[in-house]
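Undergrad: Quick one: structure below, then a few questions.
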Amino acid sequence: MPRRRIGFWYRFAAVLCKPPLVVLIKRDWRGMEHIPAEGGFITAVNHNSHIDPFTYGHFQYNTGRVPRFLAKSGLFKKGFVGAAMRGTGQIPVYRETTDALSAFRAAIDAVERGECVAFYPEGTITRDPDQWPMTGKTGAARVALQTKCPVIPVAQWGANELLPPYAKKANILPRKTHRVLAGPPVDLARFYDKEMTPELLKEATEVIMAAVTRQLEEIRGEKAPETPYDPRQERIEQRRRTAAQNHQTPLQPKAGQEEGQGT
């Protein structure tokens with residue numbers, strides 16, 4: 001499958017974004033040899049800063065295989081943003097559909113056309129206290145198993161030092177280094193040609209996230225927690241703690257009433 005041309009809009013975005021990125025951040029990029037030269041594939045990337053789509057996009061652009069990121073379908077409809085999203089070939093996700101596979105139909109079509117589709121499997125910036133990858137959502141696994149395309153695990157670190165997660169102010173000085181390590185394709189063959197049950201998708205997603213985490217361990221030179229941070233489980237535990245606290249807190253008397261008085 002031949003590569004798709006980069007096109008005007010992507011080159012225009014590169015002209016705007018690359019100069020400030022080169023000024024603001026140094027680069028330590030490894031593993032480009034694992035990016036397929038031809039054909040459709042997925043990259044699964046950790047997410048730890050609001051600006052890492054730009055820093056990671058810079059890395060991927062320099063491989064010659066530009067990334068097509070997933071974004072809410074509503075962003076594609078109107079105005080300059082919509083024109084830019086369509087022009088750069090970004091991938092709409094139709095979250096309003098009740099069919100999970102249809103939600104990723106455009107991503108599947110893009111892979112089958114020979115595109116690189118970049119997934120942030122965590123779905124949002126990590127909430128792990130030490131910025132390790134969280135548990136992943138199953139979209140990347142779903143597309144990978146449907147298309148049987150290569151899945152390249154990619155870890156990045158450094159954009160989060162320039163702009164920490166959920167921060168509003170950048171730490172420009174001293175100049176930070178953006179480190180990227182792309183690994184060999186994740187082996188998902190044992191999941192092929194099986195019914196895509198929630199259990200199977202969860203297991204395949206865990207394999208993908210484990211590969212991404214291993215790449216980040218190498219970048220950081222330290223070991224990740226054995227159990228990834230799970231935001232859903234954390235919300236459940238937070239609700240339990242809140243309910244327990246409310247249950248233990250005695251009712252306060254209304255204003256103007258003494259304790260023990262009736263209404």
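By convention in this document, the chains of the structure tokens carry letters A, B, ... by their order, each chain's residues are numbered from 1, and ligands are numbered from 1 in the order they are shown.
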Using 10 Å as the limit and counting only C-alpha atoms, can you tabulate each residue of stretch 83-162 of chain A that touches stretch 27-49 of chain A, with its shortest atom-to-atom distance in Å and the two atoms involved, as CSV?

TA:
```
residue,atom,partner,partner_atom,distance
A:Ala107,CA,A:Ile42,CA,9.4
A:Ile108,CA,A:Gly40,CA,9.5
A:Asp109,CA,A:Gly40,CA,9.7
A:Ala110,CA,A:Gly40,CA,7.5
A:Val111,CA,A:Gly40,CA,4.4
A:Glu112,CA,A:Gly40,CA,6.0
A:Arg113,CA,A:Gly40,CA,6.6
A:Gly114,CA,A:Gly40,CA,3.6
A:Glu115,CA,A:Gly40,CA,4.6
A:Cys116,CA,A:Phe41,CA,5.0
A:Val117,CA,A:Ile42,CA,4.9
A:Ala118,CA,A:Thr43,CA,4.8
A:Phe119,CA,A:Ala44,CA,5.0
A:Tyr120,CA,A:Val45,CA,5.2
A:Pro121,CA,A:Ala44,CA,6.4
A:Glu122,CA,A:Asn46,CA,7.2
A:Gly123,CA,A:His47,CA,8.3
A:Thr124,CA,A:His47,CA,6.7
A:Ile125,CA,A:Asn48,CA,4.9
A:Thr126,CA,A:Asn48,CA,5.5
A:Arg127,CA,A:Asn48,CA,8.5
A:Asp128,CA,A:Asn48,CA,9.5
A:Gln131,CA,A:Asn48,CA,6.6
A:Trp132,CA,A:Asn46,CA,8.3
A:Pro133,CA,A:Asn46,CA,6.0
A:Met134,CA,A:Asn46,CA,8.6
A:Gly136,CA,A:Asn46,CA,9.6
A:Ala140,CA,A:Ala44,CA,7.3
A:Ala141,CA,A:Ala44,CA,9.6
A:Val143,CA,A:Ile42,CA,8.5
A:Ala144,CA,A:Ile42,CA,7.3
A:Thr147,CA,A:Phe41,CA,9.0
A:Lys148,CA,A:Phe41,CA,8.9
A:Cys149,CA,A:Phe41,CA,5.2
A:Pro150,CA,A:Phe41,CA,5.0
A:Val151,CA,A:Ile42,CA,4.8
A:Ile152,CA,A:Thr43,CA,4.7
A:Pro153,CA,A:Ala44,CA,5.0
A:Val154,CA,A:Val45,CA,4.8
A:Ala155,CA,A:Asn46,CA,5.7
A:Gln156,CA,A:Asn46,CA,6.6
A:Trp157,CA,A:Asn48,CA,7.9
A:Gly158,CA,A:Ser49,CA,8.9
A:Ala159,CA,A:Ser49,CA,6.1
A:Asn160,CA,A:Ser49,CA,4.8
A:Glu161,CA,A:Ser49,CA,8.4
A:Leu162,CA,A:Ser49,CA,8.5
```

Undergrad: List every residue of stretch 33-191 of chain A that DSSP, applied to the backbone of this structure, places in strand (DSSP E or B), and write the result as an MDAnalysis selection string.

TA: chainID A and resid 41:45 67:72 91:93 116:119 151:157 176:182

Undergrad: For the residues in the current selection, export C-alpha atoms as a tab-separated table (two decimals), in the first residue's frame.

TA:
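What landed in selection-v6.tsv:
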```tsv
chain	number	residue	atom	x	y	z
A	41	PHE	CA	-0.31	0.76	11.07
A	42	ILE	CA	-1.14	2.06	14.53
A	43	THR	CA	1.06	3.83	17.02
A	44	ALA	CA	0.05	3.53	20.69
A	45	VAL	CA	1.48	6.50	22.61
A	67	PRO	CA	0.26	10.60	12.22
A	68	ARG	CA	-3.50	10.85	11.89
A	69	PHE	CA	-4.80	11.53	15.39
A	70	LEU	CA	-8.27	10.63	16.59
A	71	ALA	CA	-10.55	13.50	17.61
A	72	LYS	CA	-14.22	14.13	18.36
A	91	ILE	CA	-9.60	10.84	12.20
A	92	PRO	CA	-13.12	11.57	13.50
A	93	VAL	CA	-14.44	9.38	16.32
A	116	CYS	CA	-0.58	5.75	10.36
A	117	VAL	CA	-3.28	6.22	12.99
A	118	ALA	CA	-1.97	7.50	16.33
A	119	PHE	CA	-3.85	6.36	19.42
A	151	VAL	CA	0.86	-1.80	16.47
A	152	ILE	CA	3.98	0.20	17.32
A	153	PRO	CA	4.35	1.04	21.05
A	154	VAL	CA	5.78	4.53	21.55
A	155	ALA	CA	6.82	6.17	24.82
A	156	GLN	CA	7.60	9.85	25.20
A	157	TRP	CA	8.96	11.95	28.05
A	176	LYS	CA	13.94	20.50	28.23
A	177	THR	CA	14.65	17.36	26.19
A	178	HIS	CA	11.85	15.47	24.47
A	179	ARG	CA	12.70	11.76	24.55
A	180	VAL	CA	10.87	9.30	22.30
A	181	LEU	CA	11.41	5.57	22.02
A	182	ALA	CA	9.45	3.54	19.47
```

Undergrad: Tell me, as a ChimeraX atom specification, which residues lie within 7 Å of stretch 10-17 of chain A, counting only C-alpha atoms; anything in the same chain fewer than 4 positions away does not count.

TA: /A:6,21,88

Undergrad: For A:Ala84, work out the shell of residues within 10 Å, counting only C-alpha atoms and skipping chain neighbours fewer than 3 positions away, then give it as a ChimeraX atom specification.

TA: /A:9-10,12-13,75-76,78-81,87-90

Undergrad: May I have the selected residues written with C-alpha atoms, as a PDB file, in the first residue's frame?

TA:
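result-v4.pdb written:
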```
ATOM      1  CA  TRP A   9      -2.335  21.354   5.326  1.00  0.00           C
ATOM      2  CA  TYR A  10       0.148  19.110   7.121  1.00  0.00           C
ATOM      3  CA  PHE A  12       1.488  24.269   6.593  1.00  0.00           C
ATOM      4  CA  ALA A  13       1.054  23.012  10.171  1.00  0.00           C
ATOM      5  CA  LEU A  75     -14.377  19.295  15.511  1.00  0.00           C
ATOM      6  CA  PHE A  76     -14.497  18.448  11.805  1.00  0.00           C
ATOM      7  CA  LYS A  78     -17.123  24.032  10.826  1.00  0.00           C
ATOM      8  CA  GLY A  79     -14.668  26.877  10.412  1.00  0.00           C
ATOM      9  CA  PHE A  80     -10.903  26.969  10.212  1.00  0.00           C
ATOM     10  CA  VAL A  81     -10.459  24.203  12.787  1.00  0.00           C
ATOM     11  CA  GLY A  87      -7.037  18.868   5.517  1.00  0.00           C
ATOM     12  CA  THR A  88      -4.452  17.182   7.739  1.00  0.00           C
ATOM     13  CA  GLY A  89      -6.370  13.924   7.569  1.00  0.00           C
ATOM     14  CA  GLN A  90      -7.164  13.609  11.263  1.00  0.00           C
TER      15      GLN A  90
END
```
